[in-house]
Amino acid sequence: MYCFCPALALSRPGGSAIECSRLSLASSRGCGDSAVLCFCLAPPSRWSRSPGTAIGGSARDFRPLCLLPVCFRFRCRHSAGSKAPGMAGSRLETVGSIFTRTRDLIRAGVLKEKPLWFDIYNAFPPLREPVFRRPRLRYGKAKSPTQDIFYQEDQIRAKFYSAYGSGPKAFDLFNPNFKSTCQRFVEKFIELQKLGETDEEKLFVEAGKALLAEGVILRRVEKARTEGSQVSRKSESMGVESQTALAENPPLKEVPQAQHLEAPGEESKGLSPP
Amino acid sequence: MVLPRLLGAGVRAAPRGRTVGSAAAAAREHERDGDLSARILSEPLKHSDFFNVKELFSVRSLFNARVHLGHKAGCRHRFMEPYIFGSRLGQDIIDLEQTATHLQLALNFTAHVAFRGGVILFVSRARQFSHLIESMARSCGEYAHTRYFKGGLLTNAPLLLGPQVRLPDLIVFLHTLNNVFEPHVAVRDAAKMNIPTVGIVDTNCNPCLITYPVPGNDDSPPAVQLFCRLFQTAVTRAKEKRRQLEALHRLQGTLGPHPADPATPGAPSPGAQAGLGVGHSP
């Protein structure tokens with residue numbers, strides 16, 4: 001609360017009755033969110049003189065300090081105050097951390113009592129100060145620095161899955177020490193690799209044989225599925241091409257020609273033996 | 001669960017019913033109480049791990065509880081990237097070395113708050129673990145709020161909960177997000193009301209406003225059960241330690257300047273054994 005009447009305060013130790021009472025009233029209401037600026041009309045002729053002097057004095061003594069009415073109170077945003085009697089606080093969660101705000105309020109004398117957690121935070125601060133940050137989008141070619149996790153065994157695993165699909169045994173995730181068929185295959189592969197073999201296809205076959213010896217049957221993924229998928233892929237591509245420009249007709253005709261080429265080849269093979 | 005009203009905002013070492021005796025004697029006793037409480041409060045802060053929370057968990061135990069499993073890479077929050085070890089076939093893996101450090105700090109802070117008689121509120125909006133968290137809070141004598149969080153519960157507490165309500169001194173979030181995958185309102189409100197927070201942050205959460213974030217999985221039951229157990233043990237340990245220290249100091253106080261026989265049978269004996277310093281498991 002700020003009293004804009006220093007002259008009054010100095011010259012009148014008794015104080016003008018009205019101003020003092022108004023000031024005390026303002027202070028009792030609590031400086032929650034209002035600042036009280038007391039602009040006092042100074043009729044000094046009545047009070048500044050010694051008691052003996054006559055009241056109707058000279059106009060010289062009249063010093064209007066200001067012309068605004070008494071007790072002009074306006075509300076300013078006093079964020080540290082609170083309407084409820086008790087703790088003051090600062091609700092600006094985007095400005096600093098709770099620690100910096102509380103520390104500054106204590107230093108300013110607004111917050112009388114240190115909160116319970118203050119000393120603990122001081123003794124054991126977190127690794128990162130909990131300051132608000134606005135999440136911004138990444139633009140252009142900026143990528144997140146998180147790396148993919150890959151191992152050397154992943155190459156072996158990829159080959160295993162492309163050849164055999166998912167293994168014969170289902171994964172049991174409840175067991176923390178579970179070893180899947182793929183994992184056993186990978187371990188066999190690495191063992192054989194350490195023995196000195198270098199050819200990867202040989203290693204693959206050997207590892208498969210070793211697992212078979214242990215009693216694990218590995219079924220290869222059917223080749224008919226892959227051939228059928230190839231044919232369907234070709235017909236799809238043909239359909240797509242026919243919808244596009246006419247300039248692509250020559251390649252269109254080449255593909256069925258290639259198929260026809262295969263067929264007579266087969267027929268000749270069929271005719272020649274007998 | 002509405003936070004029950006606690007009347008008499010947090011005056012710790014208040015003299016209870018000291019009407020008998022002269023005013024001077026009462027004042028002396030009050031001073032001694034104040035000294036004792038000041039000593040009790042300042043002593044634990046001098047040790048780096050007064051409640052020995054480090055022994056409650058290990059990186060291996062965190063791994064077994066699946067704390068390292070995060071969400072898919074598309075759900076990743078930008079501010080969680082420093083805490084992520086890497087991405088295995090599209091799933092984020094949280095760095096458990098960092099989690100261990102953060103968890104130690106968080107448990108230590110929680111224990112100190114409980115030691116000083118602070119009110120701890122466990123908040124979560126995951127319905128799967130609502131019962132577990134509530135029973136855990138009840139068992140360690142603290143509070144939980146796992147239901148719909150009304151608008152001004154923290155910021156407008158005198159209106160919603162009545163006058164003279166004591167707000168929590170620490171809020172522990174077991175799930176930082178609410179049911180629509182947005183940050184829980186209490187995170188922002190706690191920052192507004194200058195209440196420190198401890199929170200388990202998954203890879204899709206914003207750890208900015210949380211005072212002591214703990215990067216970890218908050219979706220798997222083993223992980224949430226582990227965290228509940230850890231917080232419960234930390235709080236219980238701290239309260240037990242406080243009781244022991246108070247009993248010890250009271251005993252030393254009554255014996256006066258010549259403590260002839262510090263060891264006495266009954267309740268204070270565990271306090272005498274434990275003593276000051278790094279606490280052992282009770």
# chains A, B, ... in the order shown; residues from 1 in each chain; ligands from 1

$ select_by_dssp --residues "stretch 42-248 of chain B" --states "alpha helix (DSSP H)" --output "number ranges by chain"
B: 42, 59-64, 96-115, 130-139, 157-161, 185-192, 221-248

$ closest_atom_pairs --of "chain B" --to "chain A" --cutoff "8 Å" --atoms "only C-alpha atoms" --output "tab-separated table"
residue	atom	partner	partner_atom	distance
B:Leu45	CA	A:Ala123	CA	6.3
B:Lys46	CA	A:Ala123	CA	7.9
B:Asn64	CA	A:Pro176	CA	7.6
B:Arg78	CA	A:Pro135	CA	7.1
B:Phe79	CA	A:Pro135	CA	7.6
B:Glu81	CA	A:Thr146	CA	6.7
B:Ile84	CA	A:Thr146	CA	7.1
B:Phe85	CA	A:Thr146	CA	7.4
B:Gly86	CA	A:Gln147	CA	5.0
B:Ser87	CA	A:Asp148	CA	4.6
B:Arg88	CA	A:Ile149	CA	4.9
B:Leu89	CA	A:Asp148	CA	7.3
B:Gly90	CA	A:Asp148	CA	7.9
B:His102	CA	A:Leu127	CA	7.7
B:Leu105	CA	A:Pro126	CA	7.0
B:Phe109	CA	A:Ile120	CA	6.8
B:His112	CA	A:Ile120	CA	6.9
B:Val113	CA	A:Trp117	CA	6.5
B:Arg116	CA	A:Leu116	CA	7.4
B:Gly118	CA	A:Leu116	CA	7.1
B:Asp169	CA	A:Leu116	CA	7.0
B:Arg188	CA	A:Glu93	CA	7.0
B:Ala191	CA	A:Glu93	CA	5.3
B:Lys192	CA	A:Arg91	CA	4.1
B:Met193	CA	A:Arg91	CA	5.9
B:Asn194	CA	A:Ile98	CA	5.1
B:Ile195	CA	A:Ile98	CA	7.3
B:Pro196	CA	A:Ile98	CA	7.3
B:Cys208	CA	A:Phe132	CA	5.5
B:Leu209	CA	A:Pro130	CA	5.2
B:Ile210	CA	A:Pro130	CA	6.0
B:Thr211	CA	A:Pro130	CA	5.1
B:Tyr212	CA	A:Pro126	CA	5.9

$ closest_residue --among "B:Gln128, B:Asn108, B:Thr101, B:Asn204" --to "B:Pro44" --atoms "only C-alpha atoms"
B:Asn108

$ select_by_dssp --residues "stretch 75-251 of chain B" --states "strand (DSSP E or B)" --output "PDB file with C-alpha atoms, in the first residue's frame"
ATOM      1  CA  ILE B  84      14.551 -42.581 -24.542  1.00  0.00           C
ATOM      2  CA  PHE B  85      17.353 -45.079 -25.104  1.00  0.00           C
ATOM      3  CA  GLY B  86      16.285 -45.964 -28.630  1.00  0.00           C
ATOM      4  CA  SER B  87      13.522 -47.365 -30.771  1.00  0.00           C
ATOM      5  CA  ARG B  88      13.294 -51.134 -31.324  1.00  0.00           C
ATOM      6  CA  GLN B  91       8.632 -49.204 -30.044  1.00  0.00           C
ATOM      7  CA  ASP B  92      10.440 -46.686 -27.819  1.00  0.00           C
ATOM      8  CA  ILE B  93      12.680 -48.099 -25.118  1.00  0.00           C
ATOM      9  CA  ILE B  94      13.209 -45.884 -22.067  1.00  0.00           C
ATOM     10  CA  ILE B 120       0.750 -36.483  -0.090  1.00  0.00           C
ATOM     11  CA  LEU B 121      -1.914 -36.917  -2.768  1.00  0.00           C
ATOM     12  CA  PHE B 122      -1.710 -39.765  -5.282  1.00  0.00           C
ATOM     13  CA  VAL B 123      -3.424 -38.867  -8.542  1.00  0.00           C
ATOM     14  CA  TYR B 143      -4.551 -39.566   0.213  1.00  0.00           C
ATOM     15  CA  ALA B 144      -5.571 -40.511  -3.328  1.00  0.00           C
ATOM     16  CA  HIS B 145      -7.738 -38.977  -6.034  1.00  0.00           C
ATOM     17  CA  LEU B 170       3.173 -33.129  -2.663  1.00  0.00           C
ATOM     18  CA  ILE B 171       1.197 -34.622  -5.541  1.00  0.00           C
ATOM     19  CA  VAL B 172       2.355 -37.969  -6.960  1.00  0.00           C
ATOM     20  CA  PHE B 173       1.091 -38.774 -10.449  1.00  0.00           C
ATOM     21  CA  LEU B 177      -2.481 -38.256 -18.733  1.00  0.00           C
ATOM     22  CA  PRO B 183      -2.205 -33.823 -19.616  1.00  0.00           C
ATOM     23  CA  THR B 197       4.897 -32.884  -8.117  1.00  0.00           C
ATOM     24  CA  VAL B 198       6.395 -36.308  -8.686  1.00  0.00           C
ATOM     25  CA  GLY B 199       5.166 -38.118 -11.793  1.00  0.00           C
ATOM     26  CA  ILE B 200       5.671 -41.282 -13.824  1.00  0.00           C
ATOM     27  CA  VAL B 201       6.024 -39.961 -17.361  1.00  0.00           C
ATOM     28  CA  TYR B 212      10.567 -34.729 -10.243  1.00  0.00           C
ATOM     29  CA  PRO B 213       9.625 -36.691 -13.380  1.00  0.00           C
ATOM     30  CA  VAL B 214      10.343 -40.413 -13.506  1.00  0.00           C
ATOM     31  CA  PRO B 215      10.475 -41.673 -17.100  1.00  0.00           C
TER      32      PRO B 215
END

$ residues_around --residues "A:Phe189" --least-positions-apart "3" --cutoff "8 Å" --atoms "only C-alpha atoms" --output "compact mmCIF listing (two decimals) with N, CA and C atoms, in the first residue's frame"
# COMPACT_ATOMS: atom_id res chain seq x y z
N ILE A 156 20.40 -62.41 -39.23
CA ILE A 156 20.11 -63.85 -39.20
C ILE A 156 18.61 -64.06 -38.98
N PHE A 185 17.83 -70.84 -33.17
CA PHE A 185 18.46 -70.89 -34.50
C PHE A 185 19.61 -69.92 -34.57
N VAL A 186 19.36 -68.71 -34.06
CA VAL A 186 20.40 -67.67 -34.10
C VAL A 186 21.61 -68.11 -33.28
N LEU A 192 28.20 -71.95 -34.97
CA LEU A 192 28.86 -72.48 -36.16
C LEU A 192 29.76 -71.43 -36.80
N GLN A 193 29.35 -70.18 -36.69
CA GLN A 193 30.17 -69.12 -37.27
C GLN A 193 31.50 -69.02 -36.52
N LEU A 203 26.05 -71.89 -43.59
CA LEU A 203 25.78 -71.74 -42.16
C LEU A 203 24.30 -71.88 -41.89
N PHE A 204 23.50 -71.27 -42.76
CA PHE A 204 22.04 -71.31 -42.61
C PHE A 204 21.55 -72.74 -42.62
N GLU A 206 23.34 -75.50 -42.19
CA GLU A 206 23.89 -76.26 -41.07
C GLU A 206 23.12 -76.01 -39.80
N ALA A 207 22.77 -74.72 -39.58
CA ALA A 207 22.02 -74.38 -38.36
C ALA A 207 20.65 -75.07 -38.39

$ atom_distance --atom1 "atom CA of B:Met136" --atom2 "atom CA of B:Val235"
10.7 Å
